[in-house]
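What follows is the content of work-v9.cif (mmCIF, C-alpha atoms).
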data_query
#
loop_
_atom_site.label_atom_id
_atom_site.label_comp_id
_atom_site.auth_asym_id
_atom_site.auth_seq_id
_atom_site.Cartn_x
_atom_site.Cartn_y
_atom_site.Cartn_z
CA MET A 91 0.00 0.00 0.00
CA ASP A 92 2.84 2.37 0.83
CA ALA A 93 4.43 1.67 -2.56
CA LEU A 94 1.12 2.44 -4.31
CA LEU A 95 0.69 5.71 -2.36
CA LEU A 96 4.30 6.69 -3.09
CA ALA A 97 3.79 6.00 -6.84
CA GLU A 98 0.60 8.14 -6.88
CA GLN A 99 2.40 10.98 -5.08
CA GLN A 100 5.29 10.76 -7.56
CA ASP A 101 2.84 10.87 -10.50
CA ALA A 102 1.10 13.91 -8.97
CA LYS A 103 4.46 15.71 -8.55
CA THR A 104 5.46 14.98 -12.14
CA ALA A 105 2.09 16.10 -13.49
CA GLY A 106 2.13 19.21 -11.26
CA SER A 107 5.64 20.18 -12.28
CA ALA A 108 4.78 19.76 -15.97
CA ALA A 109 1.73 21.99 -15.56
CA ALA A 110 3.72 24.56 -13.61
CA ALA A 111 6.60 24.70 -16.08
CA PRO A 112 7.24 28.30 -17.07
CA VAL A 113 6.03 29.37 -20.50
CA VAL A 114 8.88 30.88 -22.47
CA PRO A 115 7.59 33.54 -24.89
CA VAL A 116 8.88 33.46 -28.43
CA ALA A 117 10.57 36.76 -29.32
CA ALA A 118 8.70 38.75 -31.94
CA VAL A 119 10.58 38.91 -35.21
CA PRO A 120 10.69 42.51 -36.49
CA ALA A 121 8.95 43.04 -39.81
CA LYS A 122 11.17 43.40 -42.85
CA PHE A 123 11.60 46.98 -44.11
CA GLY A 124 8.83 47.77 -46.58
CA THR A 125 6.33 45.22 -45.25
CA LYS A 126 2.72 46.22 -45.88
CA ASP A 127 0.95 47.83 -42.87
CA THR A 128 4.16 48.71 -40.99
CA TRP A 129 4.87 52.22 -39.66
CA ARG A 130 8.04 54.28 -39.31
CA LEU A 131 9.02 57.51 -37.53
CA ASP A 132 11.05 59.85 -39.79
CA VAL A 133 13.27 62.77 -38.75
CA GLU A 134 14.76 64.68 -41.70
CA GLY A 135 16.63 67.78 -42.80
CA GLU A 136 16.80 69.36 -46.24
CA GLY A 137 18.80 72.03 -48.00
CA MET A 138 17.73 73.58 -51.30
CA THR A 139 18.61 76.35 -53.70
CA ASP A 140 17.23 77.90 -56.87
CA LEU A 141 20.87 77.96 -58.15
CA ASP A 142 20.66 81.75 -58.23
CA ALA A 143 20.32 83.75 -55.02
CA ALA A 144 17.88 81.89 -52.76
CA TRP A 145 18.65 79.18 -50.21
CA GLN A 146 16.29 77.27 -47.93
CA ALA A 147 16.78 74.89 -45.00
CA GLN A 148 13.88 72.77 -43.86
CA PHE A 149 13.38 70.22 -41.11
CA ARG A 150 10.53 67.76 -40.88
CA ILE A 151 9.28 65.06 -38.56
CA GLY A 152 6.50 62.62 -39.26
CA ALA A 153 5.20 59.13 -39.73
CA ALA A 154 5.33 56.87 -42.77
CA TRP A 155 2.92 54.00 -43.43
CA PHE A 156 3.64 51.20 -45.91
CA PHE A 157 0.19 50.98 -47.51
CA ALA A 158 1.46 48.29 -49.92
CA GLN A 159 4.60 46.20 -50.11
CA ASP A 160 7.55 48.61 -50.63
CA ALA A 161 5.23 51.64 -51.10
CA GLU A 162 4.87 54.24 -48.35
CA LEU A 163 2.77 57.29 -47.63
CA ALA A 164 4.41 59.80 -45.28
CA PHE A 165 2.97 62.80 -43.40
CA TYR A 166 5.23 65.50 -41.92
CA GLY A 167 5.16 68.68 -39.92
CA THR A 168 7.79 71.10 -41.26
CA GLY A 169 9.75 74.16 -40.22
CA GLY A 170 12.56 76.05 -41.86
CA TYR A 171 14.13 79.27 -43.05
CA VAL A 172 14.56 80.96 -46.45
CA TRP A 173 17.48 83.26 -47.33
CA GLN A 174 16.39 85.20 -50.42
CA PRO A 175 16.76 88.54 -52.18
CA GLY A 176 14.52 91.00 -50.33
CA THR A 177 13.38 89.81 -46.93
CA ASP A 178 14.33 86.42 -45.44
CA ALA A 179 11.55 84.35 -43.87
CA ALA A 180 10.85 81.53 -41.43
CA THR A 181 8.60 78.76 -42.81
CA TYR A 182 6.20 76.16 -41.39
CA GLY A 183 3.84 73.69 -42.93
CA PHE A 184 2.55 70.22 -43.63
CA ASP A 185 4.06 67.75 -46.18
CA MET A 186 2.71 64.58 -47.72
CA GLU A 187 4.89 62.27 -49.80
CA VAL A 188 4.50 58.90 -51.57
CA ARG A 189 7.62 56.77 -52.05
CA TRP A 190 7.94 53.57 -54.03
CA HIS A 191 11.00 51.44 -53.19
CA PHE A 192 11.27 49.91 -56.67
CA LEU A 193 14.53 48.12 -55.85
CA ALA A 194 14.26 46.84 -52.26
CA ARG A 195 16.94 44.67 -50.68
CA ASP A 196 17.47 43.55 -47.07
CA THR A 197 19.80 46.42 -46.12
CA TRP A 198 19.17 49.08 -48.80
CA SER A 199 16.64 50.30 -51.34
CA LEU A 200 16.26 52.71 -54.26
CA PHE A 201 13.06 54.75 -54.44
CA GLY A 202 11.17 57.36 -56.42
CA SER A 203 8.95 59.93 -54.73
CA ILE A 204 6.26 62.49 -55.42
CA GLY A 205 4.90 64.89 -52.86
CA GLY A 206 3.38 68.20 -52.02
CA SER A 207 2.81 70.53 -49.13
CA VAL A 208 1.25 73.68 -47.86
CA MET A 209 3.92 76.13 -46.67
CA GLY A 210 3.31 79.26 -44.63
CA SER A 211 5.98 81.90 -44.03
CA THR A 212 6.61 85.01 -41.97
CA GLN A 213 7.36 87.03 -45.15
CA ALA A 214 6.53 86.60 -48.83
CA VAL A 215 8.35 83.64 -50.44
CA PRO A 216 9.61 84.32 -53.06
CA SER A 217 9.91 88.04 -52.40
CA GLY A 218 6.98 89.74 -54.11
CA GLY A 219 4.86 86.59 -53.83
CA SER A 220 2.76 85.52 -50.87
CA GLU A 221 3.03 84.09 -47.35
CA LEU A 222 1.04 80.97 -48.28
CA ASN A 223 2.44 78.62 -50.92
CA PHE A 224 2.12 75.13 -52.33
CA THR A 225 5.21 73.01 -52.90
CA PRO A 226 4.99 70.06 -55.30
CA SER A 227 8.11 67.89 -55.51
CA ILE A 228 9.45 64.85 -57.33
CA GLY A 229 12.71 62.99 -56.84
CA GLY A 230 14.65 59.83 -56.23
CA GLY A 231 16.89 58.45 -53.55
CA ALA A 232 18.14 55.54 -51.50
CA THR A 233 17.84 54.06 -48.03
CA PHE A 234 20.57 52.25 -46.10
CA GLU A 235 20.28 50.22 -42.91
CA VAL A 236 22.48 51.81 -40.21
CA ALA A 237 21.27 49.71 -37.24
CA PRO A 238 18.56 47.09 -36.68
CA ASP A 239 15.22 48.72 -37.65
CA VAL A 240 16.93 52.08 -38.43
CA ARG A 241 17.46 53.40 -41.96
CA THR A 242 19.00 56.55 -43.32
CA TYR A 243 17.27 58.14 -46.30
CA VAL A 244 18.94 60.40 -48.89
CA GLU A 245 17.16 61.99 -51.83
CA LEU A 246 17.74 64.52 -54.59
CA ARG A 247 14.58 66.23 -55.80
CA TRP A 248 12.97 69.11 -57.65
CA TYR A 249 11.00 71.32 -55.23
CA HIS A 250 8.70 74.08 -56.54
CA ILE A 251 7.32 76.98 -54.49
CA SER A 252 4.23 78.78 -55.81
CA ASN A 253 1.01 80.33 -54.52
CA ALA A 254 -0.84 78.72 -57.47
CA GLY A 255 -2.37 82.05 -58.49
CA THR A 256 -4.13 82.60 -55.16
CA HIS A 257 -2.33 85.96 -54.80
CA ALA A 258 -2.06 88.90 -57.23
CA ASP A 259 1.62 88.08 -57.89
CA ASN A 260 2.93 84.54 -58.33
CA PRO A 261 6.67 84.69 -59.04
CA GLY A 262 7.24 81.02 -58.03
CA ARG A 263 10.61 79.40 -57.54
CA ASN A 264 12.16 76.12 -58.73
CA ASN A 265 14.71 74.54 -56.40
CA ILE A 266 17.05 71.60 -56.43
CA ALA A 267 16.93 69.95 -53.01
CA LEU A 268 19.02 67.41 -51.13
CA TRP A 269 17.54 65.86 -48.01
CA ALA A 270 18.69 63.24 -45.57
CA GLY A 271 17.11 61.69 -42.51
CA LEU A 272 16.69 58.78 -40.18
CA SER A 273 13.74 56.41 -40.19
CA PHE A 274 12.90 54.25 -37.17
CA ALA A 275 10.59 51.21 -37.13
CA LEU A 276 7.55 51.61 -34.90
#

Please go through the file and, once you have read it, give me the structure as structure tokens.
Amino acid sequence: MDALLLAEQQDAKTAGSAAAAPVVPVAAVPAKFGTKDTWRLDVEGEGMTDLDAAWQAQFRIGAAWFFAQDAELAFYGTGGYVWQPGTDAATYGFDMEVRWHFLARDTWSLFGSIGGSVMGSTQAVPSGGSELNFTPSIGGGATFEVAPDVRTYVELRWYHISNAGTHADNPGRNNIALWAGLSFAL
């Protein structure tokens, strides 16, 4: 009888210890860059010129959503400064950009982009224009992995500033722009 009781107690211990074994969670594997329905936080800076007498620096921060594989839609808040003939101006605004990573590899990609924004300023930009402008852009660039889930972006693009005829004068300005930034997986 003692042997039977001892065997039952041993079976209960074994069953109890199996039930009480700690559950080890499986680490989540980060999504590959460009995976549909992933989000990124972007922090960027840009310099541009009309190749004549105007220069502009712009900073932007925002979020990018991959709405399809290797295709992203980004929204940014912007701020900057314009050095131009006449009166210089501070700028602020909202940007939207679509990028297609047409050549996407594990640690780098090449992309094309098209975007636009609404830009306000403390003085007329260009001088003689208005303090509210629209800024369509188109360009191309590359991304490079610099750490796990962190990419640097670089792009060369055409950047136009115009009030689209909403003001009596619309001098407009065409710029060549170079921007760079960091993008973090969310």

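Proximity to region 229-244 of chain A at 7 Å, evaluated using only C-alpha atoms and with sequence-adjacent residues fewer than 4 positions away removed, yields Thr197, Trp198, Ser199, Leu200, Phe201, Gly202, Ser203, Ile204, Trp248, Trp269, Ala270, Gly271, Leu272, Ser273, Phe274 and Ala275 of chain A.
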
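Comparing the minimum interatomic distances between Gln174 (chain A) and each of A:Glu136, A:Trp190, A:Ala214, A:Ala154, counting all atoms listed in the file, we find that A:Ala214 sits nearest.
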
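The spacing separating CA of Gly167 (chain A) from CA of Ser217 (chain A) amounts to 23.5 Å.
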
Step by step, work through what the PyMOL selection byres ((chain A and resi 252-256) around 6) selects in the shown file, and finish by giving those residues as a list in words.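 After applying the PyMOL selection byres ((chain A and resi 252-256) around 6), what remains is Asn223, Phe224, Ile251, His257, Asn260 and Gly262 of chain A.
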
Rank nothing, just name the residue among A:Trp155, A:Leu246, A:Pro216, A:Arg150 nearest to Trp129 (chain A), using only C-alpha atoms.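 Nearest to Trp129 (chain A): A:Trp155.
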
Evaluated on this file, the PyMOL selection byres ((chain A and resi 125) around 10) picks out some residues - which ones are they, written as a ChimeraX atom specification? /A:121-124,126-129,155-162

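Note that CA of Pro261 (chain A) and CA of Gly219 (chain A) are 5.8 Å apart.
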
Please report the interatomic distance between CA of Ala267 (chain A) and CA of Arg195 (chain A) in Å with one decimal.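 Distance reported for this atom pair: 25.4 Å.
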
Please list as a PyMOL selection string every residue within 8 Å of Ile266 (chain A), counting only C-alpha atoms and excluding residues in the same chain fewer than 6 positions away. chain A and resi 138-141+246-249

Counting all atoms listed in the file, figure out which residue out of A:Phe184, A:Trp145, A:Trp173, A:Phe165 gets nearest to Leu131 (chain A).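 Distance minimum relative to Leu131 (chain A) lands on A:Phe165.
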
At a cut-off of 7 Å around the point (14.7, 71.1, -43.8) (file coordinates), what residues fall inside when counting all atoms listed in the file? I'd like the answer as a PyMOL selection string. chain A and resi 134-137+147-150+169-170

Using all atoms listed in the file, pick whichever of A:Asp196, A:Glu221, A:Glu245, A:Asp132 has the shortest atom-to-atom distance to Val172 (chain A).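 Of A:Asp196, A:Glu221, A:Glu245, A:Asp132, the one nearest Val172 (chain A), counting all atoms listed in the file, is A:Glu221.
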